[in-house]
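Q: Below you'll find protein-v3.txt; it's compact mmCIF, N, CA and C atoms.
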```txt
# COMPACT_ATOMS: atom_id res chain seq x y z
N MET E 14 0.85 -1.18 0.00
CA MET E 14 0.00 0.00 0.00
C MET E 14 0.89 1.24 0.00
N TYR E 15 0.48 2.25 -0.71
CA TYR E 15 1.26 3.49 -0.84
C TYR E 15 1.34 4.22 0.50
N LYS E 16 2.54 4.66 0.86
CA LYS E 16 2.76 5.30 2.16
C LYS E 16 3.30 6.72 2.04
N GLY E 17 3.24 7.32 0.87
CA GLY E 17 3.64 8.70 0.72
C GLY E 17 5.07 8.93 0.25
N GLU E 18 5.90 7.90 0.21
CA GLU E 18 7.27 8.06 -0.27
C GLU E 18 7.29 7.95 -1.79
N PRO E 19 8.38 8.43 -2.42
CA PRO E 19 8.49 8.25 -3.87
C PRO E 19 8.49 6.77 -4.23
N LEU E 20 7.91 6.45 -5.36
CA LEU E 20 7.88 5.08 -5.87
C LEU E 20 8.85 4.97 -7.03
N PHE E 21 9.50 3.84 -7.16
CA PHE E 21 10.42 3.61 -8.26
C PHE E 21 10.01 2.32 -8.96
N PHE E 22 9.94 2.39 -10.29
CA PHE E 22 9.60 1.23 -11.10
C PHE E 22 10.76 0.98 -12.05
N LYS E 23 10.95 -0.27 -12.42
CA LYS E 23 12.13 -0.60 -13.20
C LYS E 23 11.80 -1.69 -14.20
N THR E 24 12.35 -1.57 -15.38
CA THR E 24 12.35 -2.64 -16.36
C THR E 24 13.77 -2.75 -16.89
N SER E 25 14.06 -3.85 -17.54
CA SER E 25 15.37 -3.99 -18.18
C SER E 25 15.14 -4.35 -19.64
N LEU E 26 16.09 -3.99 -20.47
CA LEU E 26 16.03 -4.27 -21.89
C LEU E 26 17.34 -4.88 -22.32
N GLU E 27 17.27 -5.94 -23.12
CA GLU E 27 18.48 -6.55 -23.65
C GLU E 27 18.30 -6.78 -25.14
N TRP E 28 19.23 -6.25 -25.91
CA TRP E 28 19.20 -6.43 -27.36
C TRP E 28 19.53 -7.85 -27.70
N LYS E 29 18.74 -8.46 -28.58
CA LYS E 29 19.03 -9.83 -28.98
C LYS E 29 19.52 -9.92 -30.40
N GLY E 30 19.65 -8.79 -31.08
CA GLY E 30 20.15 -8.76 -32.45
C GLY E 30 19.04 -8.48 -33.44
N ASP E 31 19.43 -8.09 -34.64
CA ASP E 31 18.48 -7.84 -35.73
C ASP E 31 17.42 -6.80 -35.38
N GLY E 32 17.77 -5.82 -34.58
CA GLY E 32 16.82 -4.76 -34.25
C GLY E 32 15.74 -5.16 -33.27
N ILE E 33 15.88 -6.32 -32.64
CA ILE E 33 14.88 -6.82 -31.68
C ILE E 33 15.50 -6.79 -30.29
N ALA E 34 14.70 -6.37 -29.31
CA ALA E 34 15.16 -6.37 -27.92
C ALA E 34 14.09 -7.02 -27.07
N ARG E 35 14.49 -7.49 -25.90
CA ARG E 35 13.55 -8.08 -24.94
C ARG E 35 13.45 -7.19 -23.72
N ILE E 36 12.23 -7.01 -23.27
CA ILE E 36 11.98 -6.21 -22.07
C ILE E 36 11.51 -7.15 -20.98
N LYS E 37 12.02 -6.92 -19.79
CA LYS E 37 11.60 -7.71 -18.64
C LYS E 37 11.32 -6.75 -17.49
N GLY E 38 10.24 -7.02 -16.79
CA GLY E 38 9.91 -6.22 -15.62
C GLY E 38 10.43 -6.85 -14.36
N LYS E 39 10.49 -6.07 -13.31
CA LYS E 39 10.95 -6.56 -12.02
C LYS E 39 10.09 -7.74 -11.57
N ASP E 40 10.73 -8.82 -11.20
CA ASP E 40 10.07 -10.02 -10.69
C ASP E 40 9.04 -10.60 -11.66
N LEU E 41 9.21 -10.34 -12.95
CA LEU E 41 8.32 -10.92 -13.95
C LEU E 41 9.10 -11.92 -14.78
N ASP E 42 8.53 -13.10 -14.94
CA ASP E 42 9.21 -14.13 -15.72
C ASP E 42 9.01 -13.97 -17.22
N LYS E 43 7.94 -13.31 -17.61
CA LYS E 43 7.64 -13.20 -19.03
C LYS E 43 8.44 -12.07 -19.66
N LEU E 44 9.02 -12.38 -20.80
CA LEU E 44 9.76 -11.38 -21.56
C LEU E 44 8.84 -10.79 -22.62
N LEU E 45 9.13 -9.59 -23.02
CA LEU E 45 8.38 -8.92 -24.05
C LEU E 45 9.39 -8.51 -25.11
N GLU E 46 9.18 -8.95 -26.34
CA GLU E 46 10.11 -8.60 -27.41
C GLU E 46 9.63 -7.34 -28.11
N VAL E 47 10.57 -6.42 -28.35
CA VAL E 47 10.24 -5.14 -28.96
C VAL E 47 11.15 -4.86 -30.14
N SER E 48 10.65 -4.02 -31.03
CA SER E 48 11.40 -3.58 -32.20
C SER E 48 10.87 -2.21 -32.60
N PRO E 49 11.67 -1.40 -33.26
CA PRO E 49 11.08 -0.19 -33.82
C PRO E 49 9.95 -0.59 -34.77
N PRO E 50 8.97 0.29 -34.98
CA PRO E 50 7.90 -0.05 -35.92
C PRO E 50 8.46 -0.15 -37.34
N PRO E 51 7.81 -0.92 -38.20
CA PRO E 51 8.29 -1.05 -39.58
C PRO E 51 8.47 0.30 -40.28
N GLU E 52 7.66 1.29 -39.91
CA GLU E 52 7.78 2.61 -40.53
C GLU E 52 9.14 3.25 -40.27
N PHE E 53 9.81 2.80 -39.21
CA PHE E 53 11.14 3.31 -38.86
C PHE E 53 12.21 2.24 -39.04
N GLY E 54 11.95 1.26 -39.90
CA GLY E 54 12.95 0.25 -40.23
C GLY E 54 12.96 -0.96 -39.32
N GLY E 55 11.96 -1.11 -38.46
CA GLY E 55 11.91 -2.25 -37.54
C GLY E 55 11.25 -3.46 -38.16
N GLU E 56 11.15 -4.49 -37.36
CA GLU E 56 10.57 -5.77 -37.78
C GLU E 56 9.07 -5.81 -37.57
N GLU E 57 8.37 -6.50 -38.44
CA GLU E 57 6.93 -6.76 -38.27
C GLU E 57 6.73 -7.78 -37.15
N GLY E 58 5.60 -7.71 -36.48
CA GLY E 58 5.22 -8.74 -35.53
C GLY E 58 5.79 -8.56 -34.12
N PHE E 59 6.36 -7.42 -33.81
CA PHE E 59 6.89 -7.17 -32.48
C PHE E 59 6.26 -5.89 -31.92
N TRP E 60 6.24 -5.79 -30.61
CA TRP E 60 5.77 -4.57 -29.97
C TRP E 60 6.75 -3.45 -30.28
N SER E 61 6.22 -2.27 -30.54
CA SER E 61 7.07 -1.09 -30.75
C SER E 61 7.02 -0.23 -29.49
N PRO E 62 8.00 0.66 -29.30
CA PRO E 62 7.93 1.56 -28.15
C PRO E 62 6.64 2.40 -28.15
N GLU E 63 6.17 2.77 -29.33
CA GLU E 63 4.95 3.55 -29.43
C GLU E 63 3.74 2.77 -28.92
N GLU E 64 3.68 1.49 -29.28
CA GLU E 64 2.59 0.64 -28.79
C GLU E 64 2.70 0.40 -27.29
N LEU E 65 3.92 0.28 -26.80
CA LEU E 65 4.12 0.10 -25.36
C LEU E 65 3.64 1.33 -24.59
N LEU E 66 3.89 2.53 -25.12
CA LEU E 66 3.41 3.73 -24.46
C LEU E 66 1.89 3.73 -24.41
N LEU E 67 1.26 3.40 -25.54
CA LEU E 67 -0.21 3.35 -25.57
C LEU E 67 -0.74 2.27 -24.63
N ALA E 68 -0.07 1.12 -24.58
CA ALA E 68 -0.48 0.05 -23.66
C ALA E 68 -0.35 0.50 -22.21
N ALA E 69 0.68 1.28 -21.92
CA ALA E 69 0.86 1.79 -20.55
C ALA E 69 -0.28 2.74 -20.19
N VAL E 70 -0.66 3.63 -21.09
CA VAL E 70 -1.76 4.55 -20.83
C VAL E 70 -3.06 3.77 -20.64
N ASN E 71 -3.32 2.84 -21.55
CA ASN E 71 -4.56 2.07 -21.51
C ASN E 71 -4.66 1.23 -20.23
N SER E 72 -3.59 0.56 -19.87
CA SER E 72 -3.63 -0.30 -18.68
C SER E 72 -3.68 0.53 -17.40
N CYS E 73 -3.03 1.68 -17.39
CA CYS E 73 -3.10 2.56 -16.21
C CYS E 73 -4.51 3.11 -16.03
N PHE E 74 -5.12 3.53 -17.14
CA PHE E 74 -6.49 4.03 -17.06
C PHE E 74 -7.42 2.94 -16.52
N PHE E 75 -7.26 1.71 -17.04
CA PHE E 75 -8.08 0.59 -16.57
C PHE E 75 -7.85 0.34 -15.08
N ALA E 76 -6.59 0.29 -14.67
CA ALA E 76 -6.28 0.02 -13.25
C ALA E 76 -6.86 1.11 -12.35
N THR E 77 -6.80 2.35 -12.80
CA THR E 77 -7.34 3.46 -12.01
C THR E 77 -8.87 3.38 -11.96
N PHE E 78 -9.48 3.04 -13.08
CA PHE E 78 -10.94 2.87 -13.12
C PHE E 78 -11.37 1.77 -12.14
N ILE E 79 -10.69 0.63 -12.20
CA ILE E 79 -11.02 -0.50 -11.32
C ILE E 79 -10.83 -0.13 -9.85
N TYR E 80 -9.78 0.60 -9.55
CA TYR E 80 -9.52 1.04 -8.18
C TYR E 80 -10.73 1.79 -7.62
N TYR E 81 -11.22 2.78 -8.37
CA TYR E 81 -12.35 3.56 -7.88
C TYR E 81 -13.66 2.78 -7.97
N ALA E 82 -13.80 1.92 -8.96
CA ALA E 82 -15.01 1.09 -9.08
C ALA E 82 -15.18 0.21 -7.85
N GLU E 83 -14.09 -0.38 -7.37
CA GLU E 83 -14.16 -1.24 -6.19
C GLU E 83 -14.50 -0.43 -4.94
N ARG E 84 -13.94 0.75 -4.81
CA ARG E 84 -14.21 1.56 -3.63
C ARG E 84 -15.63 2.09 -3.58
N LEU E 85 -16.23 2.32 -4.75
CA LEU E 85 -17.60 2.83 -4.80
C LEU E 85 -18.63 1.75 -5.11
N ASN E 86 -18.20 0.49 -5.04
CA ASN E 86 -19.08 -0.67 -5.25
C ASN E 86 -19.84 -0.61 -6.57
N LEU E 87 -19.15 -0.24 -7.63
CA LEU E 87 -19.75 -0.22 -8.96
C LEU E 87 -19.97 -1.65 -9.43
N GLN E 88 -21.13 -1.92 -9.96
CA GLN E 88 -21.45 -3.25 -10.48
C GLN E 88 -20.99 -3.34 -11.93
N LEU E 89 -19.69 -3.55 -12.11
CA LEU E 89 -19.07 -3.63 -13.43
C LEU E 89 -19.26 -5.05 -13.98
N ILE E 90 -19.79 -5.13 -15.19
CA ILE E 90 -19.99 -6.42 -15.84
C ILE E 90 -18.86 -6.71 -16.81
N HIS E 91 -18.46 -5.69 -17.57
CA HIS E 91 -17.41 -5.91 -18.58
C HIS E 91 -16.71 -4.58 -18.86
N PHE E 92 -15.41 -4.66 -19.13
CA PHE E 92 -14.63 -3.47 -19.49
C PHE E 92 -13.71 -3.85 -20.63
N ARG E 93 -13.75 -3.08 -21.68
CA ARG E 93 -12.88 -3.27 -22.83
C ARG E 93 -12.47 -1.89 -23.30
N SER E 94 -11.23 -1.73 -23.73
CA SER E 94 -10.80 -0.41 -24.15
C SER E 94 -9.80 -0.51 -25.29
N GLU E 95 -10.01 0.32 -26.29
CA GLU E 95 -9.03 0.50 -27.35
C GLU E 95 -8.40 1.87 -27.16
N ILE E 96 -7.22 2.03 -27.72
CA ILE E 96 -6.53 3.32 -27.63
C ILE E 96 -5.84 3.57 -28.96
N LYS E 97 -5.88 4.82 -29.38
CA LYS E 97 -5.21 5.21 -30.62
C LYS E 97 -4.34 6.42 -30.34
N GLY E 98 -3.17 6.41 -30.93
CA GLY E 98 -2.26 7.54 -30.78
C GLY E 98 -1.83 8.06 -32.14
N ARG E 99 -1.79 9.36 -32.26
CA ARG E 99 -1.36 10.00 -33.50
C ARG E 99 0.04 10.55 -33.30
N VAL E 100 0.95 10.20 -34.20
CA VAL E 100 2.33 10.67 -34.15
C VAL E 100 2.58 11.54 -35.37
N GLU E 101 3.18 12.72 -35.13
CA GLU E 101 3.48 13.64 -36.22
C GLU E 101 4.89 14.18 -36.04
N LEU E 102 5.44 14.67 -37.14
CA LEU E 102 6.74 15.32 -37.11
C LEU E 102 6.53 16.79 -36.80
N ARG E 103 7.05 17.23 -35.67
CA ARG E 103 6.92 18.62 -35.22
C ARG E 103 8.30 19.17 -34.88
N GLU E 104 8.67 20.24 -35.53
CA GLU E 104 9.96 20.90 -35.27
C GLU E 104 11.11 19.90 -35.34
N GLY E 105 11.05 19.00 -36.34
CA GLY E 105 12.11 18.02 -36.56
C GLY E 105 12.10 16.83 -35.64
N LYS E 106 11.03 16.68 -34.82
CA LYS E 106 10.94 15.55 -33.88
C LYS E 106 9.60 14.85 -34.05
N PHE E 107 9.62 13.53 -33.94
CA PHE E 107 8.36 12.78 -33.91
C PHE E 107 7.80 12.85 -32.51
N VAL E 108 6.53 13.23 -32.40
CA VAL E 108 5.87 13.32 -31.10
C VAL E 108 4.44 12.82 -31.21
N PHE E 109 3.92 12.31 -30.11
CA PHE E 109 2.50 12.02 -30.05
C PHE E 109 1.77 13.36 -29.98
N THR E 110 0.84 13.58 -30.88
CA THR E 110 0.06 14.83 -30.86
C THR E 110 -1.35 14.60 -30.36
N GLU E 111 -1.76 13.35 -30.29
CA GLU E 111 -3.10 13.03 -29.80
C GLU E 111 -3.14 11.58 -29.36
N ILE E 112 -3.75 11.35 -28.22
CA ILE E 112 -4.01 9.99 -27.73
C ILE E 112 -5.47 9.96 -27.30
N THR E 113 -6.19 8.97 -27.80
CA THR E 113 -7.61 8.84 -27.44
C THR E 113 -7.91 7.42 -27.01
N LEU E 114 -8.51 7.32 -25.83
CA LEU E 114 -8.99 6.05 -25.28
C LEU E 114 -10.46 5.88 -25.64
N TYR E 115 -10.84 4.66 -25.97
CA TYR E 115 -12.23 4.33 -26.28
C TYR E 115 -12.71 3.18 -25.39
N PRO E 116 -12.98 3.47 -24.11
CA PRO E 116 -13.45 2.38 -23.25
C PRO E 116 -14.92 2.05 -23.50
N GLU E 117 -15.23 0.78 -23.51
CA GLU E 117 -16.62 0.28 -23.53
C GLU E 117 -16.85 -0.36 -22.17
N ILE E 118 -17.81 0.18 -21.45
CA ILE E 118 -18.03 -0.23 -20.07
C ILE E 118 -19.46 -0.74 -19.93
N THR E 119 -19.59 -1.99 -19.55
CA THR E 119 -20.91 -2.57 -19.33
C THR E 119 -21.17 -2.61 -17.83
N LEU E 120 -22.28 -1.99 -17.44
CA LEU E 120 -22.63 -1.86 -16.03
C LEU E 120 -24.01 -2.45 -15.78
N LYS E 121 -24.26 -2.75 -14.53
CA LYS E 121 -25.60 -3.13 -14.10
C LYS E 121 -26.52 -1.92 -14.36
N LYS E 122 -27.75 -2.19 -14.80
CA LYS E 122 -28.70 -1.10 -15.05
C LYS E 122 -28.80 -0.21 -13.83
N GLY E 123 -28.86 1.11 -14.09
CA GLY E 123 -28.97 2.07 -13.02
C GLY E 123 -27.64 2.54 -12.47
N GLU E 124 -26.53 1.99 -12.94
CA GLU E 124 -25.21 2.34 -12.42
C GLU E 124 -24.48 3.35 -13.32
N GLU E 125 -25.15 3.84 -14.36
CA GLU E 125 -24.47 4.70 -15.34
C GLU E 125 -23.90 5.97 -14.71
N ASP E 126 -24.66 6.64 -13.84
CA ASP E 126 -24.16 7.87 -13.22
C ASP E 126 -22.92 7.59 -12.37
N LYS E 127 -22.96 6.52 -11.62
CA LYS E 127 -21.79 6.15 -10.81
C LYS E 127 -20.61 5.81 -11.73
N GLY E 128 -20.90 5.14 -12.83
CA GLY E 128 -19.85 4.80 -13.79
C GLY E 128 -19.21 6.05 -14.39
N LYS E 129 -20.04 7.05 -14.70
CA LYS E 129 -19.51 8.31 -15.26
C LYS E 129 -18.64 9.03 -14.24
N THR E 130 -19.05 9.02 -12.98
CA THR E 130 -18.25 9.64 -11.91
C THR E 130 -16.89 8.95 -11.80
N ILE E 131 -16.89 7.63 -11.84
CA ILE E 131 -15.65 6.87 -11.73
C ILE E 131 -14.78 7.08 -12.96
N LEU E 132 -15.41 7.19 -14.12
CA LEU E 132 -14.67 7.47 -15.35
C LEU E 132 -13.93 8.80 -15.23
N GLU E 133 -14.59 9.82 -14.72
CA GLU E 133 -13.95 11.12 -14.54
C GLU E 133 -12.78 11.02 -13.56
N LYS E 134 -12.95 10.25 -12.48
CA LYS E 134 -11.87 10.04 -11.51
C LYS E 134 -10.67 9.37 -12.19
N ALA E 135 -10.95 8.36 -13.01
CA ALA E 135 -9.87 7.64 -13.69
C ALA E 135 -9.13 8.58 -14.64
N LYS E 136 -9.86 9.43 -15.37
CA LYS E 136 -9.22 10.40 -16.26
C LYS E 136 -8.33 11.36 -15.47
N GLU E 137 -8.80 11.78 -14.33
CA GLU E 137 -8.09 12.76 -13.51
C GLU E 137 -6.87 12.17 -12.81
N LYS E 138 -6.93 10.90 -12.41
CA LYS E 138 -5.92 10.32 -11.52
C LYS E 138 -4.94 9.35 -12.18
N CYS E 139 -5.09 9.04 -13.45
CA CYS E 139 -4.20 8.07 -14.11
C CYS E 139 -2.77 8.60 -14.12
N ILE E 140 -1.85 7.91 -13.48
CA ILE E 140 -0.47 8.34 -13.34
C ILE E 140 0.22 8.50 -14.70
N ILE E 141 0.03 7.54 -15.58
CA ILE E 141 0.75 7.57 -16.85
C ILE E 141 0.28 8.74 -17.72
N SER E 142 -1.02 8.89 -17.91
CA SER E 142 -1.49 10.00 -18.75
C SER E 142 -1.18 11.35 -18.12
N ASN E 143 -1.16 11.43 -16.80
CA ASN E 143 -0.79 12.68 -16.13
C ASN E 143 0.69 13.02 -16.33
N SER E 144 1.49 12.04 -16.69
CA SER E 144 2.93 12.24 -16.86
C SER E 144 3.31 12.60 -18.30
N LEU E 145 2.36 12.61 -19.19
CA LEU E 145 2.64 12.89 -20.60
C LEU E 145 2.38 14.36 -20.93
N GLN E 146 3.08 14.86 -21.95
CA GLN E 146 2.84 16.21 -22.41
C GLN E 146 1.62 16.29 -23.32
N VAL E 147 1.28 15.20 -23.98
CA VAL E 147 0.13 15.18 -24.87
C VAL E 147 -1.13 14.93 -24.04
N LYS E 148 -2.21 15.60 -24.40
CA LYS E 148 -3.48 15.39 -23.71
C LYS E 148 -4.04 14.02 -24.11
N VAL E 149 -4.58 13.33 -23.14
CA VAL E 149 -5.23 12.04 -23.39
C VAL E 149 -6.74 12.26 -23.33
N ASN E 150 -7.41 12.02 -24.45
CA ASN E 150 -8.86 12.15 -24.53
C ASN E 150 -9.51 10.81 -24.21
N VAL E 151 -10.69 10.85 -23.63
CA VAL E 151 -11.43 9.62 -23.33
C VAL E 151 -12.82 9.76 -23.94
N VAL E 152 -13.15 8.80 -24.81
CA VAL E 152 -14.45 8.78 -25.47
C VAL E 152 -15.15 7.49 -25.04
N PRO E 153 -15.90 7.53 -23.95
CA PRO E 153 -16.50 6.29 -23.41
C PRO E 153 -17.80 5.91 -24.11
N ARG E 154 -18.09 4.66 -23.98
CA ARG E 154 -19.39 4.13 -24.40
C ARG E 154 -19.87 3.23 -23.27
N PHE E 155 -20.97 3.64 -22.64
CA PHE E 155 -21.55 2.84 -21.56
C PHE E 155 -22.59 1.92 -22.16
N ILE E 156 -22.53 0.66 -21.77
CA ILE E 156 -23.48 -0.35 -22.25
C ILE E 156 -24.25 -0.86 -21.06
N PRO E 157 -25.56 -0.56 -20.99
CA PRO E 157 -26.33 -1.09 -19.84
C PRO E 157 -26.41 -2.61 -19.92
N GLY E 158 -26.22 -3.25 -18.79
CA GLY E 158 -26.27 -4.70 -18.75
C GLY E 158 -27.25 -5.17 -17.69
N THR E 159 -27.46 -6.44 -17.63
CA THR E 159 -28.33 -7.02 -16.61
C THR E 159 -27.70 -8.29 -16.08
N TYR E 160 -28.03 -8.61 -14.87
CA TYR E 160 -27.63 -9.88 -14.28
C TYR E 160 -28.76 -10.88 -14.50
N LYS E 161 -28.39 -12.13 -14.68
CA LYS E 161 -29.41 -13.17 -14.84
C LYS E 161 -29.81 -13.73 -13.50
```
Give the structure from this file in structure tokens form.
A:
Amino acid sequence: MYKGEPLFFKTSLEWKGDGIARIKGKDLDKLLEVSPPPEFGGEEGFWSPEELLLAAVNSCFFATFIYYAERLNLQLIHFRSEIKGRVELREGKFVFTEITLYPEITLKKGEEDKGKTILEKAKEKCIISNSLQVKVNVVPRFIPGTYK
């Protein structure tokens, strides 16, 4: 549990040749192979740094949403989210100029207002998107659900 001190996170990367590298997280057995995207001379079929950044934003938003959903007893049935990032050349540098999350959230009927409140909390509190210079937009779609 967080106690107010700075937090440190770490991953390691090891080049395996041919423009491919493996990423490993602390105490994680699974490796993740990465390459520059094909548009920048990388290999097809591997995660790119750009995709990893988008995955970090998407997973952080999800984790933040779940955190508040549990605390407010939201009856969440299903959560799915896509994310798209736009990269452009600006002043001689490639930068993300737009990132948009598209969460689809299925809730128990009558929980939509609570879901919207939690969605706003997740947008406000996501560590990764708060750490970026580019604004992260969220375009949600709430799907009313029912329990059998």
Q: Between E:Ala68, E:Leu44, E:Leu26, E:Leu87, which has the minimum distance to Glu124 in chain E (counting all atoms listed in the file)?
A: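 Result for the nearest residue to Glu124 in chain E: E:Leu87.
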Q: I want to know what sits within 12 Å of Lys127 in chain E, based on only C-alpha atoms, with residues of the same chain fewer than 6 positions away left out; could you give that as a list in words?
A: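 The contact residues come out as Phe78, Tyr81, Ala82, Glu83, Arg84, Leu85, Asn86, Leu87, Gln88, Leu89, Ile118, Leu120, Lys121, Glu133, Lys134 and Phe155 of chain E.
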Q: Please provide as an mmCIF file with N, CA and C atoms, in the coordinates of the input all residues within 6 Å of range 97-101 of chain E, with the sequence filter that same-chain residues fewer than 5 positions apart are discarded (counting only C-alpha atoms).
A:
```cif
data_model
loop_
_atom_site.group_PDB
_atom_site.id
_atom_site.type_symbol
_atom_site.label_atom_id
_atom_site.label_comp_id
_atom_site.auth_asym_id
_atom_site.auth_seq_id
_atom_site.Cartn_x
_atom_site.Cartn_y
_atom_site.Cartn_z
ATOM 1 N N PHE E 107 9.620 13.530 -33.940
ATOM 2 C CA PHE E 107 8.360 12.780 -33.910
ATOM 3 C C PHE E 107 7.800 12.850 -32.510
ATOM 4 N N VAL E 108 6.530 13.230 -32.400
ATOM 5 C CA VAL E 108 5.870 13.320 -31.100
ATOM 6 C C VAL E 108 4.440 12.820 -31.210
ATOM 7 N N PHE E 109 3.920 12.310 -30.110
ATOM 8 C CA PHE E 109 2.500 12.020 -30.050
ATOM 9 C C PHE E 109 1.770 13.360 -29.980
ATOM 10 N N THR E 110 0.840 13.580 -30.880
ATOM 11 C CA THR E 110 0.060 14.830 -30.860
ATOM 12 C C THR E 110 -1.350 14.600 -30.360
ATOM 13 N N GLU E 111 -1.760 13.350 -30.290
ATOM 14 C CA GLU E 111 -3.100 13.030 -29.800
ATOM 15 C C GLU E 111 -3.140 11.580 -29.360
ATOM 16 N N ILE E 112 -3.750 11.350 -28.220
ATOM 17 C CA ILE E 112 -4.010 9.990 -27.730
ATOM 18 C C ILE E 112 -5.470 9.960 -27.300
ATOM 19 N N THR E 113 -6.190 8.970 -27.800
ATOM 20 C CA THR E 113 -7.610 8.840 -27.440
ATOM 21 C C THR E 113 -7.910 7.420 -27.010
#
```
Q: Taking only C-alpha atoms into account, which of E:Glu46, E:Gln146, E:Phe75, E:Arg93 comes nearest Ser61 in chain E?
A: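 For Ser61 in chain E, the nearest of the candidates is E:Glu46.
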Q: What gap, in Å, lies between atom N of Leu67 in chain E and CA of Gly17 in chain E?
A: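 About the pair atom N of Leu67 in chain E and CA of Gly17 in chain E: they are 26.9 Å apart.
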